[in-house]
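Let me begin by presenting the structure, written as structure tokens, before commenting on it.
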Amino acid sequence: MNERFIVSESELVRQREFAARVRQFPDRPQTFHIVTMGCQMNERDSETIAGMLAGMGMRPEAVREKAGLILYNTCCVRENAENRALGNVIWLKELKKERPELLICVGGCMAQEAGMAERMKAMYPFIDLVFGTHNMHRLPEYLLRVLESRHPVVEVLESDGVIVEGLPQERASAFSAFVNIMYGCNNFCSYCIVPYVRGRERSRERQSVLDECKRLVDQGVQEITLLGQNVNSYRGGGSEFAELLRRVDALGVPRLRFMTSHPKDLSDELIAAYGELEHLMPNLHLPVQAGNNAILQAMNRRYTRERYLELVNKLRSVKPEIGLTTDIIVGFPGETEEQFEDTLSLVRAVRYDSAFTFIYSKRAGTKAAQMPDNTPEPVKSERIQRLIALQSDISREILTAQVGRRETVLVESLSARDEGWIGGKTPRGHMVNFPGKPDLIGQLVRVEILSAGRNTLRGKMITEV
Ligand code: SAH
Ligand code: SF4
Ligand code: F3S
């Protein structure tokens, strides 16, 4: 069903040939450093980019300034994300003066924005390569062209998007993996630029997803997160998302998660999966964006506050301990004080474990960019502060309620704060720090929760019989 999106095998062979020629190119960069901005989609894409660069004979370099090739995988969902990307790139101009052989590449969503690639070409001539999200798989071809011509290459395709199977990849983690199940978005929420830069919705074939998950399970991966802008509209080989989830669960991965889920089509079948699937973690990111119906309608979210709360009730009746997280936008064009208070009351009603909160950012080309926006910035800032304060009280209460529990934790990292401590997440997604050895990273251990802080828990490892 998705044939029109799938990149042909012959094109991949062509790209492998370009990669071989880059590998043999005299004076090519020996090392690369990727800076990833934005969401998990970009994180996953960066793993593929790293795989392609490794295939061209380059090694990862942890220190950005030392790398022979620096690549920015950019985000443009809000203006500050874009400014951060541009600020970073401008800074590289100085480095390029010192080391003219340095290659600077910019990819990702910002490159895909209307007019942006041309703007970058004109304003930042020291950038060697600009490429988009729809032609990422052609990186070997573009890099060869840069090396041969020593001239900047700017290649961004306007496209509905593609699916590329079988690209090389360098996974960032040996124990926790993102697996794309679909790309793009058709929802056109009125504030959002993602559908414009990521193209139309397209799902990977179910079997391709299952094969990838099976390989990961065989390699000992402990956690798989299925990724899509709107996983509920996954359509791979005629089957629905809940069915895919069931099949991945049956592969026996210890922990299964997914994101993101749009409330408008969260199905009863998916809700039921929380009661049935052994490995599906009791945690759901369900972006609400706003608590007022007029604002939800202007956002083109296609659900009401009442419908959203009904979904939350259904989820909690199937899985009482489910942890919910969300995204909220404050200061959408025309939002009144009363409408904002509806968001606060919804947050009080749902009691999220945590929330990502954003001040509305105008994105050129979206519907909302045309809407009159009369709320002064200081009022928007004051609103978001009230929202953050409310959510942080709720988060703290929920964390405090975890004290005394015994949980299985997937150890992810060394604790940044305390030497000799490690940290990881509970099934519900709460971060716990506890004393332990670094060799436990990547393993599941049992932990008793001893105390709660603002955003994290503290505990100690236990052995149970
Ligand atoms: N596909 C995901 C969201 C991707 S963007 C979903 O729909 O759930 C992540 C979050 O960024 C969104 O949920 C929204 O809260 C926020 N966001 C998107 N566009 C924005 C804008 N123009 N201004 C402020 N926040 C925005
Ligand atoms: Fe953006 Fe809405 Fe699509 Fe999410 S569902 S990516 S917020 S348009
Ligand atoms: Fe993600 Fe930002 Fe692109 S949120 S899809 S990286 S615009």
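In the structure tokens, each chain is lettered A, B, ... as it comes, each chain's residues begin at 1, and ligands are numbered from 1 in order of appearance.
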
Contact check, stretch 348-424 of chain A to stretch 302-314 of chain A, at most 12 Å, counting only C-alpha atoms, closest pairs as a tab-separated table:
residue	atom	partner	partner_atom	distance
A:Arg348	CA	A:Leu309	CA	11.4
A:Ala349	CA	A:Leu309	CA	8.2
A:Val350	CA	A:Val312	CA	7.2
A:Arg351	CA	A:Val312	CA	10.1
A:Tyr352	CA	A:Val312	CA	10.3

Open item on the list: What's around A:Arg204 at 12 Å? Count only C-alpha atoms, leave out sequence neighbours fewer than 4 positions away in its own chain, and write the answer as a ChimeraX atom specification.
Closed with: /A:1-7,162-166,179-184,208-212,226-228,231,233-239,241,244

Using only C-alpha atoms and all ligand atoms, which protein or nucleic acid residues are at most 10 Å from ligand 3, as a JSON list (two decimals) with C-alpha atoms, in the first residue's frame?
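Below you can see selection_23.json, which holds the result:
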[["chain", "number", "residue", "atom", "x", "y", "z"],
["A", 36, "THR", "CA", 20.78, 16.41, 17.32],
["A", 37, "MET", "CA", 18.01, 18.87, 18.13],
["A", 38, "GLY", "CA", 14.28, 18.31, 18.43],
["A", 39, "CYS", "CA", 12.30, 15.14, 18.99],
["A", 40, "GLN", "CA", 12.88, 11.38, 18.96],
["A", 41, "MET", "CA", 12.31, 11.35, 15.19],
["A", 42, "ASN", "CA", 15.49, 13.34, 14.81],
["A", 43, "GLU", "CA", 17.31, 11.18, 17.36],
["A", 45, "ASP", "CA", 17.41, 9.83, 12.06],
["A", 73, "ASN", "CA", 20.21, 17.63, 12.63],
["A", 74, "THR", "CA", 17.84, 20.54, 13.19],
["A", 75, "CYS", "CA", 14.33, 21.18, 14.52],
["A", 76, "CYS", "CA", 12.01, 24.07, 13.70],
["A", 77, "VAL", "CA", 8.90, 23.26, 15.73],
["A", 78, "ARG", "CA", 9.26, 26.52, 17.68],
["A", 81, "ALA", "CA", 14.61, 25.77, 18.34],
["A", 82, "GLU", "CA", 15.35, 27.39, 15.02],
["A", 108, "GLY", "CA", 16.67, 17.91, 9.51],
["A", 109, "CYS", "CA", 13.38, 19.74, 9.72],
["A", 110, "MET", "CA", 14.69, 23.31, 9.56],
["A", 111, "ALA", "CA", 16.39, 22.63, 6.25],
["A", 112, "GLN", "CA", 13.03, 21.40, 4.98],
["A", 113, "GLU", "CA", 11.21, 24.64, 5.88],
["A", 133, "THR", "CA", 14.39, 15.03, 5.69],
["A", 183, "TYR", "CA", 6.77, 8.95, 9.21],
["A", 184, "GLY", "CA", 5.09, 12.31, 8.60],
["A", 185, "CYS", "CA", 1.78, 13.68, 9.79],
["A", 192, "CYS", "CA", 2.22, 23.06, 13.81],
["A", 193, "ILE", "CA", 4.90, 23.00, 11.14],
["A", 194, "VAL", "CA", 5.67, 19.27, 11.35],
["A", 195, "PRO", "CA", 3.28, 18.20, 8.53],
["A", 196, "TYR", "CA", 5.01, 20.72, 6.23],
["A", 197, "VAL", "CA", 8.56, 19.59, 6.98],
["A", 198, "ARG", "CA", 7.98, 15.86, 7.48],
["A", 199, "GLY", "CA", 5.49, 15.24, 4.69],
["A", 228, "GLY", "CA", 5.52, 8.01, 14.91],
["A", 229, "GLN", "CA", 4.01, 11.52, 15.02]]

Open item on the list: Show me which residues are within 8 Å of ligand 1 counting only C-alpha atoms and all ligand atoms, and format the list as a VMD selection string.
Closed with: chain A and resid 39 77 to 79 185 189 191 to 194 228 to 230 259 to 262 285 to 289 326 to 330 332 356 to 363

TODO: Rank nothing, just name the residue among A:Leu71, A:Ala290, A:Ile462, A:Val146 nearest to ligand 2, using only C-alpha atoms and all ligand atoms.
DONE: A:Ala290

Task: Close residues, stretch 88-101 of chain A itself excluded, 9 Å, only C-alpha atoms, min 5 positions apart in chain, as a PyMOL selection string - done: chain A and resi 27-29+65+68-69+72+83+106+124+126-127

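Closest to A:Val154 among A:Pro168, A:Gly107, A:Gly365, A:Gly87 is A:Gly107, based on only C-alpha atoms.
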
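Residues within 9 Å of A:Val445, counting only C-alpha atoms and excluding same-chain residues fewer than 3 positions away, are Glu407, Thr408, Val409, Leu410, Val411, Leu440, Met461, Ile462 and Thr463 of chain A.
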
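If only C-alpha atoms are the atoms counted, then among A:Arg59, A:Arg301, A:Arg316, A:Arg428 the closest residue to A:Met281 is A:Arg428.
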
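Nearest residue to ligand 2 among A:Thr48, A:Asn300, A:Gln219, A:Asn135 is A:Asn300, counting only C-alpha atoms and all ligand atoms.
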
- [ ] Could you tell me which of A:Lys264, A:Met136, A:Glu17, A:Phe25 comes closest to ligand 2 if we count only C-alpha atoms and all ligand atoms?
- [x] A:Lys264

TODO: List the neighbours of stretch 51-55 of chain A out to 10 Å using only C-alpha atoms; skip same-chain residues closer than 3 positions along the sequence, and give me the result as number ranges by chain.
DONE: A: 15-16, 19-20, 22-23, 29-33, 45-48, 58-60, 69, 136-140, 143, 167-171

File of the preceding selection, C-alpha atoms, as a PDB file, in the first residue's frame:
ATOM      1  CA  GLN A  15      24.191   5.292  -2.678  1.00  0.00           C
ATOM      2  CA  ARG A  16      26.409   2.459  -1.456  1.00  0.00           C
ATOM      3  CA  ALA A  19      29.735   5.780  -0.044  1.00  0.00           C
ATOM      4  CA  ALA A  20      32.571   3.576  -1.319  1.00  0.00           C
ATOM      5  CA  VAL A  22      33.802   8.809  -0.389  1.00  0.00           C
ATOM      6  CA  ARG A  23      35.691   6.166   1.594  1.00  0.00           C
ATOM      7  CA  PRO A  29      37.123  13.758   6.911  1.00  0.00           C
ATOM      8  CA  GLN A  30      38.159  10.916   9.201  1.00  0.00           C
ATOM      9  CA  THR A  31      35.745  11.725  12.015  1.00  0.00           C
ATOM     10  CA  PHE A  32      32.232  13.116  12.497  1.00  0.00           C
ATOM     11  CA  HIS A  33      30.185  14.727  15.231  1.00  0.00           C
ATOM     12  CA  ASP A  45      17.410   9.831  12.062  1.00  0.00           C
ATOM     13  CA  SER A  46      20.761  10.742  13.601  1.00  0.00           C
ATOM     14  CA  GLU A  47      21.419   7.035  14.212  1.00  0.00           C
ATOM     15  CA  THR A  48      20.873   6.408  10.516  1.00  0.00           C
ATOM     16  CA  MET A  58      34.371   7.998   9.390  1.00  0.00           C
ATOM     17  CA  ARG A  59      34.576   7.468  13.145  1.00  0.00           C
ATOM     18  CA  PRO A  60      32.418   9.258  15.704  1.00  0.00           C
ATOM     19  CA  LEU A  69      32.711  16.769   9.755  1.00  0.00           C
ATOM     20  CA  MET A 136      18.605  11.998   3.896  1.00  0.00           C
ATOM     21  CA  HIS A 137      19.433   8.620   2.332  1.00  0.00           C
ATOM     22  CA  ARG A 138      21.341  10.447  -0.429  1.00  0.00           C
ATOM     23  CA  LEU A 139      23.952  11.795   1.987  1.00  0.00           C
ATOM     24  CA  PRO A 140      26.794   9.745   0.377  1.00  0.00           C
ATOM     25  CA  LEU A 143      29.111  14.422   0.357  1.00  0.00           C
ATOM     26  CA  LEU A 167      19.970   1.841   5.616  1.00  0.00           C
ATOM     27  CA  PRO A 168      22.990   1.319   7.873  1.00  0.00           C
ATOM     28  CA  GLN A 169      22.626   2.630  11.415  1.00  0.00           C
ATOM     29  CA  GLU A 170      24.679   3.208  14.535  1.00  0.00           C
ATOM     30  CA  ARG A 171      22.314   2.860  17.464  1.00  0.00           C
TER      31      ARG A 171
END

Open item on the list: I'd like to know which residues of stretch 170-214 of chain A are helix (DSSP H, G or I) (by DSSP, run on the backbone); could you write them as a PyMOL selection string?
Closed with: chain A and resi 194-198+206-214

Identify, on the basis of only C-alpha atoms, every residue whose closest approach to A:Arg386 does not exceed 12 Å; exclude the query and any residue fewer than 2 positions from it along the same chain; express the result as a JSON list (two decimals) with N, CA, C and O atoms, in the first residue's frame.
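This is the output file around24.json:
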[["chain", "number", "residue", "atom", "x", "y", "z"],
["A", 330, "VAL", "N", 0.55, 27.26, 25.70],
["A", 330, "VAL", "CA", -0.05, 28.41, 26.38],
["A", 330, "VAL", "C", 0.03, 29.61, 25.44],
["A", 330, "VAL", "O", 1.03, 29.78, 24.74],
["A", 337, "GLU", "N", -8.03, 34.77, 29.39],
["A", 337, "GLU", "CA", -7.70, 34.30, 30.74],
["A", 337, "GLU", "C", -8.61, 33.12, 31.14],
["A", 337, "GLU", "O", -8.14, 32.12, 31.66],
["A", 340, "PHE", "N", -7.58, 30.01, 29.37],
["A", 340, "PHE", "CA", -6.37, 29.46, 29.97],
["A", 340, "PHE", "C", -6.70, 28.74, 31.27],
["A", 340, "PHE", "O", -6.15, 27.67, 31.57],
["A", 341, "GLU", "N", -7.62, 29.31, 32.04],
["A", 341, "GLU", "CA", -7.99, 28.65, 33.31],
["A", 341, "GLU", "C", -8.62, 27.27, 33.07],
["A", 341, "GLU", "O", -8.51, 26.39, 33.91],
["A", 343, "THR", "N", -7.46, 25.26, 30.93],
["A", 343, "THR", "CA", -6.29, 24.37, 30.85],
["A", 343, "THR", "C", -5.83, 24.00, 32.25],
["A", 343, "THR", "O", -5.54, 22.84, 32.55],
["A", 344, "LEU", "N", -5.78, 25.01, 33.15],
["A", 344, "LEU", "CA", -5.37, 24.71, 34.53],
["A", 344, "LEU", "C", -6.32, 23.69, 35.17],
["A", 344, "LEU", "O", -5.87, 22.74, 35.82],
["A", 345, "SER", "N", -7.62, 23.86, 34.95],
["A", 345, "SER", "CA", -8.55, 22.95, 35.62],
["A", 345, "SER", "C", -8.46, 21.54, 35.02],
["A", 345, "SER", "O", -8.61, 20.54, 35.72],
["A", 347, "VAL", "N", -5.67, 20.24, 33.92],
["A", 347, "VAL", "CA", -4.45, 19.67, 34.51],
["A", 347, "VAL", "C", -4.73, 19.17, 35.93],
["A", 347, "VAL", "O", -4.28, 18.10, 36.33],
["A", 357, "THR", "N", 5.55, 22.03, 28.64],
["A", 357, "THR", "CA", 4.73, 23.23, 28.44],
["A", 357, "THR", "C", 5.46, 24.20, 27.53],
["A", 357, "THR", "O", 6.67, 24.40, 27.67],
["A", 379, "VAL", "N", 2.00, 38.50, 29.47],
["A", 379, "VAL", "CA", 0.83, 37.77, 29.97],
["A", 379, "VAL", "C", 1.02, 36.27, 29.68],
["A", 379, "VAL", "O", 0.73, 35.41, 30.53],
["A", 380, "LYS", "N", 1.52, 35.96, 28.51],
["A", 380, "LYS", "CA", 1.76, 34.55, 28.17],
["A", 380, "LYS", "C", 2.80, 33.95, 29.12],
["A", 380, "LYS", "O", 2.65, 32.81, 29.58],
["A", 381, "SER", "N", 3.84, 34.72, 29.43],
["A", 381, "SER", "CA", 4.88, 34.20, 30.34],
["A", 381, "SER", "C", 4.30, 33.96, 31.72],
["A", 381, "SER", "O", 4.61, 32.96, 32.37],
["A", 382, "GLU", "N", 3.46, 34.89, 32.15],
["A", 382, "GLU", "CA", 2.88, 34.75, 33.49],
["A", 382, "GLU", "C", 1.97, 33.51, 33.51],
["A", 382, "GLU", "O", 1.97, 32.74, 34.47],
["A", 383, "ARG", "N", 1.24, 33.28, 32.42],
["A", 383, "ARG", "CA", 0.37, 32.09, 32.36],
["A", 383, "ARG", "C", 1.20, 30.81, 32.42],
["A", 383, "ARG", "O", 0.87, 29.88, 33.17],
["A", 384, "ILE", "N", 2.26, 30.77, 31.66],
["A", 384, "ILE", "CA", 3.03, 29.50, 31.65],
["A", 384, "ILE", "C", 3.66, 29.27, 33.02],
["A", 384, "ILE", "O", 3.73, 28.12, 33.49],
["A", 388, "ILE", "N", 3.25, 25.90, 35.10],
["A", 388, "ILE", "CA", 4.41, 25.12, 35.54],
["A", 388, "ILE", "C", 4.35, 24.88, 37.06],
["A", 388, "ILE", "O", 4.62, 23.78, 37.54],
["A", 389, "ALA", "N", 3.96, 25.94, 37.80],
["A", 389, "ALA", "CA", 3.90, 25.81, 39.26],
["A", 389, "ALA", "C", 2.87, 24.76, 39.66],
["A", 389, "ALA", "O", 3.12, 23.90, 40.52],
["A", 390, "LEU", "N", 1.70, 24.79, 39.00],
["A", 390, "LEU", "CA", 0.66, 23.81, 39.31],
["A", 390, "LEU", "C", 1.16, 22.39, 39.00],
["A", 390, "LEU", "O", 1.04, 21.48, 39.82],
["A", 391, "GLN", "N", 1.72, 22.22, 37.80],
["A", 391, "GLN", "CA", 2.16, 20.88, 37.40],
["A", 391, "GLN", "C", 3.27, 20.39, 38.31],
["A", 391, "GLN", "O", 3.31, 19.21, 38.66],
["A", 392, "SER", "N", 4.14, 21.30, 38.74],
["A", 392, "SER", "CA", 5.25, 20.81, 39.56],
["A", 392, "SER", "C", 4.76, 20.36, 40.93],
["A", 392, "SER", "O", 5.27, 19.38, 41.48],
["A", 393, "ASP", "N", 3.71, 21.00, 41.47],
["A", 393, "ASP", "CA", 3.11, 20.49, 42.72],
["A", 393, "ASP", "C", 2.54, 19.09, 42.52],
["A", 393, "ASP", "O", 2.72, 18.19, 43.34]]

Open item on the list: When you look at A:Phe175 with a cut-off of 8 Å (counting only C-alpha atoms), what residues show up, excluding the ones that are within fewer than 3 positions of it in the same chain? I need them as a VMD selection string.
Closed with: chain A and resid 220 to 223 442

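Counting only C-alpha atoms and all ligand atoms, the residue from A:Ile422, A:Leu296, A:Leu387, A:Ile398 that sits nearest to ligand 2 is A:Leu296.
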
TODO: Could you pull out the residues in stretch 178-422 of chain A that DSSP calls strand (DSSP E) from the backbone, as JSON, numbers by chain?
DONE: {"A": [178, 179, 180, 182, 183, 202, 203, 223, 224, 225, 226, 227, 255, 256, 257, 258, 259, 283, 284, 285, 323, 324, 325, 326, 327, 328, 329, 330, 354, 355, 356, 357, 358, 359, 406, 407, 408, 409, 410, 411, 412, 413, 414, 421, 422]}

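Distance-wise, atom CA of A:Ser176 and atom CA of A:Ile441 end up 10.9 Å apart.
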